[in-house]
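Next comes entry_32.cif, with mmCIF, C-alpha atoms.
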data_entry
loop_
_atom_site.group_PDB
_atom_site.id
_atom_site.type_symbol
_atom_site.label_atom_id
_atom_site.label_comp_id
_atom_site.auth_asym_id
_atom_site.auth_seq_id
_atom_site.Cartn_x
_atom_site.Cartn_y
_atom_site.Cartn_z
ATOM 1 C CA MET A 1087 3.647 -3.610 -26.483
ATOM 2 C CA ASP A 1088 1.141 -5.439 -28.673
ATOM 3 C CA SER A 1089 -2.348 -6.779 -28.065
ATOM 4 C CA ASP A 1090 -1.176 -10.283 -27.075
ATOM 5 C CA GLN A 1091 1.272 -8.899 -24.530
ATOM 6 C CA ALA A 1092 -1.474 -6.709 -23.083
ATOM 7 C CA LYS A 1093 -3.746 -9.772 -22.754
ATOM 8 C CA ASN A 1094 -0.970 -11.715 -21.026
ATOM 9 C CA ILE A 1095 -0.341 -8.915 -18.533
ATOM 10 C CA LEU A 1096 -4.083 -8.605 -17.823
ATOM 11 C CA GLY A 1097 -4.230 -12.368 -17.220
ATOM 12 C CA GLU A 1098 -1.248 -12.189 -14.864
ATOM 13 C CA MET A 1099 -2.715 -9.267 -12.923
ATOM 14 C CA GLY A 1100 -6.056 -11.058 -12.589
ATOM 15 C CA ALA A 1101 -4.312 -14.174 -11.277
ATOM 16 C CA MET A 1102 -2.254 -12.059 -8.857
ATOM 17 C CA SER A 1103 -5.360 -10.326 -7.484
ATOM 18 C CA ARG A 1104 -7.194 -13.644 -7.039
ATOM 19 C CA SER A 1105 -4.180 -15.200 -5.324
ATOM 20 C CA SER A 1106 -3.919 -12.184 -3.023
ATOM 21 C CA ALA A 1107 -7.667 -12.195 -2.282
ATOM 22 C CA ALA A 1108 -7.386 -15.835 -1.181
ATOM 23 C CA GLN A 1109 -5.141 -14.654 1.691
ATOM 24 C CA LEU A 1110 -8.102 -13.185 3.563
ATOM 25 C CA LYS A 1111 -9.115 -15.728 6.167
ATOM 26 C CA ASN A 1112 -11.330 -14.729 9.038
ATOM 27 C CA PRO A 1113 -11.514 -17.013 12.086
ATOM 28 C CA TRP A 1114 -14.776 -18.998 12.401
ATOM 29 C CA TRP A 1115 -15.663 -17.291 15.690
ATOM 30 C CA GLN A 1116 -15.438 -13.718 14.372
ATOM 31 C CA ALA A 1117 -18.991 -13.391 13.014
ATOM 32 C CA PRO A 1118 -20.654 -15.129 16.023
ATOM 33 C CA LEU A 1119 -18.642 -12.975 18.462
ATOM 34 C CA LEU A 1120 -19.673 -9.711 16.774
ATOM 35 C CA SER A 1121 -23.259 -10.980 16.515
ATOM 36 C CA VAL A 1122 -23.326 -11.670 20.272
ATOM 37 C CA ALA A 1123 -21.794 -8.242 21.020
ATOM 38 C CA LEU A 1124 -24.355 -6.360 18.892
ATOM 39 C CA ALA A 1125 -27.250 -8.418 20.247
ATOM 40 C CA GLY A 1126 -25.841 -7.775 23.731
ATOM 41 C CA LEU A 1127 -26.206 -4.037 23.182
ATOM 42 C CA VAL A 1128 -29.944 -4.584 22.675
ATOM 43 C CA LEU A 1129 -30.228 -6.891 25.691
ATOM 44 C CA ALA A 1130 -28.288 -4.449 27.906
ATOM 45 C CA GLN A 1131 -31.453 -2.356 28.144
ATOM 46 C CA LEU A 1132 -33.060 -5.119 30.233
ATOM 47 C CA VAL A 1133 -30.272 -5.054 32.824
ATOM 48 C CA PRO A 1134 -31.029 -2.888 35.876
ATOM 49 C CA SER A 1135 -29.210 0.424 36.129
ATOM 50 C CA PRO A 1136 -26.290 1.057 36.623
ATOM 51 C CA TRP A 1137 -25.239 -2.418 35.425
ATOM 52 C CA ASN A 1138 -26.824 -1.839 32.013
ATOM 53 C CA ALA A 1139 -24.122 0.733 31.219
ATOM 54 C CA GLY A 1140 -21.432 -1.808 32.153
ATOM 55 C CA VAL A 1141 -22.932 -4.479 29.872
ATOM 56 C CA ALA A 1142 -23.225 -1.993 27.007
ATOM 57 C CA LEU A 1143 -19.616 -0.863 27.533
ATOM 58 C CA ALA A 1144 -18.456 -4.486 27.564
ATOM 59 C CA CYS A 1145 -20.230 -5.078 24.233
ATOM 60 C CA PHE A 1146 -18.622 -1.973 22.738
ATOM 61 C CA ALA A 1147 -15.220 -3.088 24.081
ATOM 62 C CA VAL A 1148 -15.555 -6.557 22.503
ATOM 63 C CA THR A 1149 -16.469 -4.964 19.151
ATOM 64 C CA PHE A 1150 -13.615 -2.463 19.371
ATOM 65 C CA LEU A 1151 -11.003 -5.049 20.401
ATOM 66 C CA GLU A 1152 -12.084 -7.381 17.614
ATOM 67 C CA LEU A 1153 -11.756 -4.486 15.148
ATOM 68 C CA ILE A 1154 -8.182 -3.898 16.345
ATOM 69 C CA ARG A 1155 -7.360 -7.608 16.055
ATOM 70 C CA TYR A 1156 -8.916 -7.765 12.583
ATOM 71 C CA THR A 1157 -6.888 -4.807 11.267
ATOM 72 C CA ARG A 1158 -3.695 -6.480 12.504
ATOM 73 C CA GLN A 1159 -4.239 -9.606 10.424
ATOM 74 C CA PRO A 1160 -1.858 -10.055 7.452
ATOM 75 C CA VAL A 1161 -4.673 -8.791 5.208
ATOM 76 C CA TRP A 1162 -8.005 -7.142 5.939
ATOM 77 C CA VAL A 1163 -10.812 -5.514 3.982
ATOM 78 C CA SER A 1164 -12.991 -2.661 5.185
ATOM 79 C CA GLY A 1165 -16.716 -3.318 5.363
ATOM 80 C CA TRP A 1166 -17.181 0.118 3.786
ATOM 81 C CA ARG A 1167 -15.106 -0.564 0.665
ATOM 82 C CA ARG A 1168 -16.581 0.492 -2.683
ATOM 83 C CA GLY A 1169 -18.440 -2.146 -4.688
ATOM 84 C CA TRP A 1170 -21.542 -4.271 -4.165
ATOM 85 C CA THR A 1171 -20.578 -4.782 -0.537
ATOM 86 C CA LEU A 1172 -21.182 -1.077 0.225
ATOM 87 C CA PRO A 1173 -25.006 -1.072 -0.248
ATOM 88 C CA LEU A 1174 -25.032 -4.317 1.753
ATOM 89 C CA SER A 1175 -23.207 -2.637 4.646
ATOM 90 C CA ILE A 1176 -25.483 0.420 4.523
ATOM 91 C CA ALA A 1177 -28.580 -1.823 4.500
ATOM 92 C CA PHE A 1178 -27.185 -3.731 7.491
ATOM 93 C CA LEU A 1179 -26.554 -0.519 9.446
ATOM 94 C CA VAL A 1180 -30.061 0.790 8.720
ATOM 95 C CA ALA A 1181 -31.646 -2.564 9.679
ATOM 96 C CA TYR A 1182 -29.589 -2.731 12.896
ATOM 97 C CA LEU A 1183 -30.563 0.802 13.927
ATOM 98 C CA ALA A 1184 -34.225 0.036 13.145
ATOM 99 C CA LEU A 1185 -34.139 -3.100 15.309
ATOM 100 C CA TYR A 1186 -32.392 -1.207 18.103
ATOM 101 C CA ALA A 1187 -34.944 1.616 17.940
ATOM 102 C CA ALA A 1188 -37.780 -0.953 18.013
ATOM 103 C CA SER A 1189 -36.254 -2.634 21.076
ATOM 104 C CA TYR A 1190 -35.887 0.767 22.798
ATOM 105 C CA ARG A 1191 -39.549 1.510 22.234
ATOM 106 C CA ALA A 1192 -40.590 -2.002 23.285
ATOM 107 C CA TRP A 1193 -38.770 -1.685 26.610
ATOM 108 C CA HIS A 1194 -39.019 2.002 27.516
ATOM 109 C CA GLU A 1195 -42.554 2.608 26.287
ATOM 110 C CA GLY A 1196 -44.173 -0.810 26.593
ATOM 111 C CA GLY A 1197 -42.060 -2.697 29.138
ATOM 112 C CA ASN A 1198 -42.159 -5.699 26.845
ATOM 113 C CA ALA A 1199 -39.040 -7.723 27.799
ATOM 114 C CA ALA A 1200 -40.016 -10.717 25.626
ATOM 115 C CA LEU A 1201 -40.098 -8.513 22.528
ATOM 116 C CA VAL A 1202 -36.671 -7.029 23.386
ATOM 117 C CA VAL A 1203 -35.242 -10.568 23.671
ATOM 118 C CA ALA A 1204 -36.845 -11.494 20.326
ATOM 119 C CA LEU A 1205 -35.396 -8.364 18.694
ATOM 120 C CA ALA A 1206 -31.956 -9.187 20.144
ATOM 121 C CA GLY A 1207 -32.293 -12.619 18.511
ATOM 122 C CA GLY A 1208 -33.149 -10.815 15.293
ATOM 123 C CA VAL A 1209 -30.001 -8.693 15.620
ATOM 124 C CA PHE A 1210 -27.907 -11.835 16.171
ATOM 125 C CA ILE A 1211 -29.308 -13.502 13.019
ATOM 126 C CA LEU A 1212 -29.071 -10.258 11.018
ATOM 127 C CA THR A 1213 -25.395 -9.742 11.931
ATOM 128 C CA LEU A 1214 -24.487 -13.366 11.262
ATOM 129 C CA GLY A 1215 -26.310 -13.313 7.920
ATOM 130 C CA TYR A 1216 -24.697 -10.012 6.954
ATOM 131 C CA SER A 1217 -21.216 -11.365 7.702
ATOM 132 C CA VAL A 1218 -21.750 -14.491 5.600
ATOM 133 C CA LEU A 1219 -23.389 -12.593 2.726
ATOM 134 C CA TRP A 1220 -20.765 -9.835 2.732
ATOM 135 C CA MET A 1221 -17.979 -12.397 2.371
ATOM 136 C CA ARG A 1222 -19.800 -14.208 -0.451
ATOM 137 C CA VAL A 1223 -20.378 -10.960 -2.362
ATOM 138 C CA TRP A 1224 -16.747 -9.910 -1.876
ATOM 139 C CA ARG A 1225 -15.421 -13.299 -3.014
ATOM 140 C CA ALA A 1226 -17.697 -13.185 -6.082
ATOM 141 C CA GLU A 1227 -16.397 -9.699 -6.923
ATOM 142 C CA MET A 1228 -12.805 -10.878 -6.528
ATOM 143 C CA ALA A 1229 -13.463 -13.914 -8.746
ATOM 144 C CA ARG A 1230 -14.782 -11.549 -11.441
ATOM 145 C CA GLY A 1231 -11.606 -9.481 -11.109
ATOM 146 C CA HIS A 1232 -13.025 -6.311 -9.544
ATOM 147 C CA MET B 582 -13.321 5.425 -39.594
ATOM 148 C CA ASP B 583 -10.782 3.274 -37.802
ATOM 149 C CA THR B 584 -12.237 2.104 -34.498
ATOM 150 C CA SER B 585 -9.382 -0.211 -33.540
ATOM 151 C CA PRO B 586 -7.829 0.357 -30.107
ATOM 152 C CA VAL B 587 -5.165 3.003 -30.121
ATOM 153 C CA HIS B 588 -2.074 2.437 -28.051
ATOM 154 C CA THR B 589 -0.004 5.375 -26.956
ATOM 155 C CA ASP B 590 2.529 5.425 -24.160
ATOM 156 C CA LYS B 591 0.537 8.266 -22.609
ATOM 157 C CA ALA B 592 -2.271 5.826 -21.827
ATOM 158 C CA PHE B 593 -0.027 3.998 -19.356
ATOM 159 C CA ASP B 594 0.899 5.349 -15.963
ATOM 160 C CA PRO B 595 4.724 5.512 -15.886
ATOM 161 C CA VAL B 596 4.874 4.874 -12.127
ATOM 162 C CA ILE B 597 3.107 1.497 -12.293
ATOM 163 C CA HIS B 598 4.101 0.544 -15.852
ATOM 164 C CA PRO B 599 7.030 -1.633 -14.641
ATOM 165 C CA LEU B 600 5.669 -5.153 -14.164
ATOM 166 C CA ASN B 601 6.749 -5.560 -10.515
ATOM 167 C CA ARG B 602 4.959 -2.366 -9.449
ATOM 168 C CA LEU B 603 1.895 -3.363 -11.428
ATOM 169 C CA GLN B 604 1.971 -6.728 -9.598
ATOM 170 C CA ILE B 605 2.154 -4.922 -6.258
ATOM 171 C CA CYS B 606 -0.957 -2.919 -7.199
ATOM 172 C CA ALA B 607 -2.735 -6.113 -8.323
ATOM 173 C CA ALA B 608 -1.931 -7.802 -4.997
ATOM 174 C CA LEU B 609 -2.965 -4.798 -2.895
ATOM 175 C CA ALA B 610 -6.137 -3.979 -4.848
ATOM 176 C CA PRO B 611 -8.473 -6.555 -3.209
ATOM 177 C CA HIS B 612 -7.581 -5.465 0.330
ATOM 178 C CA SER B 613 -7.793 -2.372 2.479
ATOM 179 C CA GLU B 614 -4.352 -3.199 3.862
ATOM 180 C CA MET B 615 -1.811 -5.961 3.444
ATOM 181 C CA GLU B 616 1.067 -6.768 5.752
ATOM 182 C CA PHE B 617 4.582 -6.499 4.269
ATOM 183 C CA SER B 618 5.503 -10.182 4.647
ATOM 184 C CA ALA B 619 2.164 -11.353 3.212
ATOM 185 C CA LEU B 620 2.676 -9.087 0.192
ATOM 186 C CA ARG B 621 6.265 -10.294 -0.199
ATOM 187 C CA ASP B 622 5.132 -13.943 -0.129
ATOM 188 C CA VAL B 623 2.328 -13.413 -2.667
ATOM 189 C CA LEU B 624 4.729 -11.626 -5.018
ATOM 190 C CA GLY B 625 7.618 -14.048 -4.409
ATOM 191 C CA VAL B 626 10.242 -11.305 -4.132
ATOM 192 C CA SER B 627 12.875 -10.388 -1.547
ATOM 193 C CA ASP B 628 12.377 -7.819 1.218
ATOM 194 C CA SER B 629 14.814 -5.398 -0.409
ATOM 195 C CA VAL B 630 13.155 -5.580 -3.834
ATOM 196 C CA LEU B 631 9.721 -5.014 -2.320
ATOM 197 C CA SER B 632 10.952 -2.122 -0.133
ATOM 198 C CA LYS B 633 12.518 -0.417 -3.136
ATOM 199 C CA GLN B 634 9.380 -0.691 -5.269
ATOM 200 C CA LEU B 635 7.138 0.419 -2.402
ATOM 201 C CA ARG B 636 9.283 3.512 -1.988
ATOM 202 C CA TYR B 637 8.509 4.482 -5.614
ATOM 203 C CA LEU B 638 4.787 3.955 -5.046
ATOM 204 C CA GLU B 639 4.847 5.866 -1.759
ATOM 205 C CA GLU B 640 6.726 8.813 -3.273
ATOM 206 C CA ALA B 641 4.163 8.960 -6.101
ATOM 207 C CA GLY B 642 1.374 9.013 -3.499
ATOM 208 C CA TYR B 643 0.023 5.658 -4.695
ATOM 209 C CA ALA B 644 0.707 3.692 -1.504
ATOM 210 C CA ARG B 645 0.748 4.422 2.225
ATOM 211 C CA LEU B 646 2.589 2.509 4.916
ATOM 212 C CA ARG B 647 1.359 2.018 8.483
ATOM 213 C CA LYS B 648 3.510 0.584 11.239
ATOM 214 C CA ALA B 649 2.182 -1.177 14.342
ATOM 215 C CA THR B 650 3.615 -3.421 17.025
ATOM 216 C CA VAL B 651 2.152 -6.911 17.248
ATOM 217 C CA ASN B 652 3.478 -9.274 19.943
ATOM 218 C CA THR B 653 6.500 -6.990 20.520
ATOM 219 C CA ARG B 654 7.378 -7.062 16.787
ATOM 220 C CA GLN B 655 7.151 -4.045 14.540
ATOM 221 C CA ARG B 656 5.100 -4.780 11.435
ATOM 222 C CA THR B 657 4.202 -2.718 8.391
ATOM 223 C CA TRP B 658 0.894 -2.665 6.540
ATOM 224 C CA ILE B 659 0.572 -1.231 3.057
ATOM 225 C CA ARG B 660 -2.493 0.166 1.347
ATOM 226 C CA LEU B 661 -3.212 1.649 -2.046
ATOM 227 C CA THR B 662 -4.338 5.270 -1.777
ATOM 228 C CA ASP B 663 -7.315 6.554 -3.774
ATOM 229 C CA ALA B 664 -4.810 7.979 -6.291
ATOM 230 C CA GLY B 665 -3.109 4.578 -6.477
ATOM 231 C CA ARG B 666 -6.411 2.751 -7.058
ATOM 232 C CA LYS B 667 -7.359 5.266 -9.744
ATOM 233 C CA ALA B 668 -3.974 4.919 -11.460
ATOM 234 C CA TYR B 669 -4.185 1.110 -11.349
ATOM 235 C CA ALA B 670 -7.750 1.096 -12.734
ATOM 236 C CA GLY B 671 -6.677 3.511 -15.496
ATOM 237 C CA HIS B 672 -3.690 1.360 -16.346
ATOM 238 C CA LEU B 673 -5.850 -1.779 -16.582
ATOM 239 C CA ALA B 674 -8.318 0.125 -18.780
ATOM 240 C CA ALA B 675 -5.467 1.113 -21.113
ATOM 241 C CA LEU B 676 -4.309 -2.524 -21.251
ATOM 242 C CA ARG B 677 -7.869 -3.682 -22.050
ATOM 243 C CA ASN B 678 -8.077 -1.058 -24.754
ATOM 244 C CA LEU B 679 -4.821 -2.261 -26.282
ATOM 245 C CA ALA B 680 -5.912 -5.905 -25.979
ATOM 246 C CA GLY B 681 -9.212 -5.058 -27.672
ATOM 247 C CA LEU B 682 -11.265 -6.317 -24.725
#

Could you rewrite the structure in this file as structure tokens?
Amino acid sequence: MDSDQAKNILGEMGAMSRSSAAQLKNPWWQAPLLSVALAGLVLAQLVPSPWNAGVALACFAVTFLELIRYTRQPVWVSGWRRGWTLPLSIAFLVAYLALYAASYRAWHEGGNAALVVALAGGVFILTLGYSVLWMRVWRAEMARGH
Amino acid sequence: MDTSPVHTDKAFDPVIHPLNRLQICAALAPHSEMEFSALRDVLGVSDSVLSKQLRYLEEAGYARLRKATVNTRQRTWIRLTDAGRKAYAGHLAALRNLAGL
């Protein structure tokens, strides 16, 4: 094999990876659905007991079922894959936990329902933004051939 | 001192050196998992050709197959293992070296 053949093969492999990456198509409702489910977990605290546990379980169930559906698509990519998407996912998880902890304190220590609702809105926007940004970063990485 | 790229056969992984297996790795690399028919369509090969090449990759520990039933139909998803990703990255590095990139 010579240098020109090696370049040709590299070009072909790059084109194959880009063509394969283009197969990943998530439905438009996926990010909003997960955003509602994660925001719902925050809002569940406001629901009187024992119904709060039911709302929280329903939110977990929606997230879990969507995960199953997602991994049964023709192609799927883990949010925890290596690359620039990994620090993004870690930052999202930390931010989500921080917002959840803040909402817990706001409700259980201050009884501030308005703040919990505002934080749930923050979780919704955070999750939606993370989903959009994650996909952009992944597509950019794929375009560069990573 | 000669700093030009050195090509030796040892630089290439023999399991994924054949072009069709290298193409399979290239198609699988962007994803965590890819369904058999989607992979077949991207590669433009027959089921039997793909099955045969996947068997080589699976035996080398470079690919793993997962079966699941969707709408009463059995489907198979394929993923590159860590060893497979490492071998593919090493193979591309050897090609870049040879190409002088």

Item to complete: Identify which of the residues A:Asn1138, A:Asn1198, A:Ser1103, A:Ser1175 lies closest to chain B, counting all atoms listed in the file when measuring atom-to-atom distances.
Response: A:Ser1103

Worksheet item: Expressed in Å to a single decimal, how great is the separation between atom CA of A:Leu1172 and atom CA of A:Ser1217?
Response: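 Between atom CA of A:Leu1172 and atom CA of A:Ser1217 the gap is 12.7 Å.
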
Practice prompt. Dump as a PyMOL selection string the residues of chain A that approach chain B to within 12 Å, counting all atoms listed in the file.
Written response: chain A and resi 1087-1111+1154-1169+1224-1232

Worksheet entry | Length of the atom CA of B:Asp594 to atom CA of B:Tyr637 vector [Å] |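 These two atoms are separated by 12.9 Å.
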
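Within the 9 Å cut-off around B:Leu638, using only C-alpha atoms and omitting residues fewer than 3 positions from it on the same chain, the listed residues are Val596, Ile597, Arg602, Gln634, Leu635, Ala641, Gly642, Tyr643, Ala644, Arg645, Leu661 and Gly665 of chain B.
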
Discussion item. If I take atom CA of A:Trp1114 and atom CA of B:Arg654, how far is one from the other in Å, to one decimal?
Written reply: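 Taking atom CA of A:Trp1114 and atom CA of B:Arg654, their separation equals 25.5 Å.
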
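The residue set within 6 Å of stretch 1122-1130 of chain A, counting only C-alpha atoms and dropping same-chain residues fewer than 4 places from it, reads A:Asn1138, A:Val1141, A:Ala1142, A:Cys1145, A:Ala1206, A:Val1209, A:Phe1210.
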
Discussion item. Ranking A:Trp1170, A:Leu1212, A:Leu1119, A:Pro1134 by minimum distance to A:Phe1146 and counting all atoms listed in the file, which one comes first?
Written reply: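 Ranking A:Trp1170, A:Leu1212, A:Leu1119, A:Pro1134 by distance to A:Phe1146, first place goes to A:Leu1119.
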
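The closest residue to B:Asn601, picked from B:Arg636, B:Arg666, B:Leu646, B:Val630 and counting only C-alpha atoms, is B:Val630.
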
Worksheet item: the PyMOL selection byres ((chain A and resi 1185) around 12) on the file shown: which residues, as a ChimeraX atom specification?
Response: /A:1124-1125,1127-1129,1178-1184,1186-1192,1201-1213

How big is the axis-aligned box, and where does its centre sit, when it encloses all atoms of stretch 1210-1229 of chain A listed in the file and has 4 Å added on every side, reported in Å to one decimal as lines of an AutoDock Vina configuration file?
center_x = -21.1
center_y = -12.1
center_z = 3.7
size_x = 24.5
size_y = 12.8
size_z = 32.9
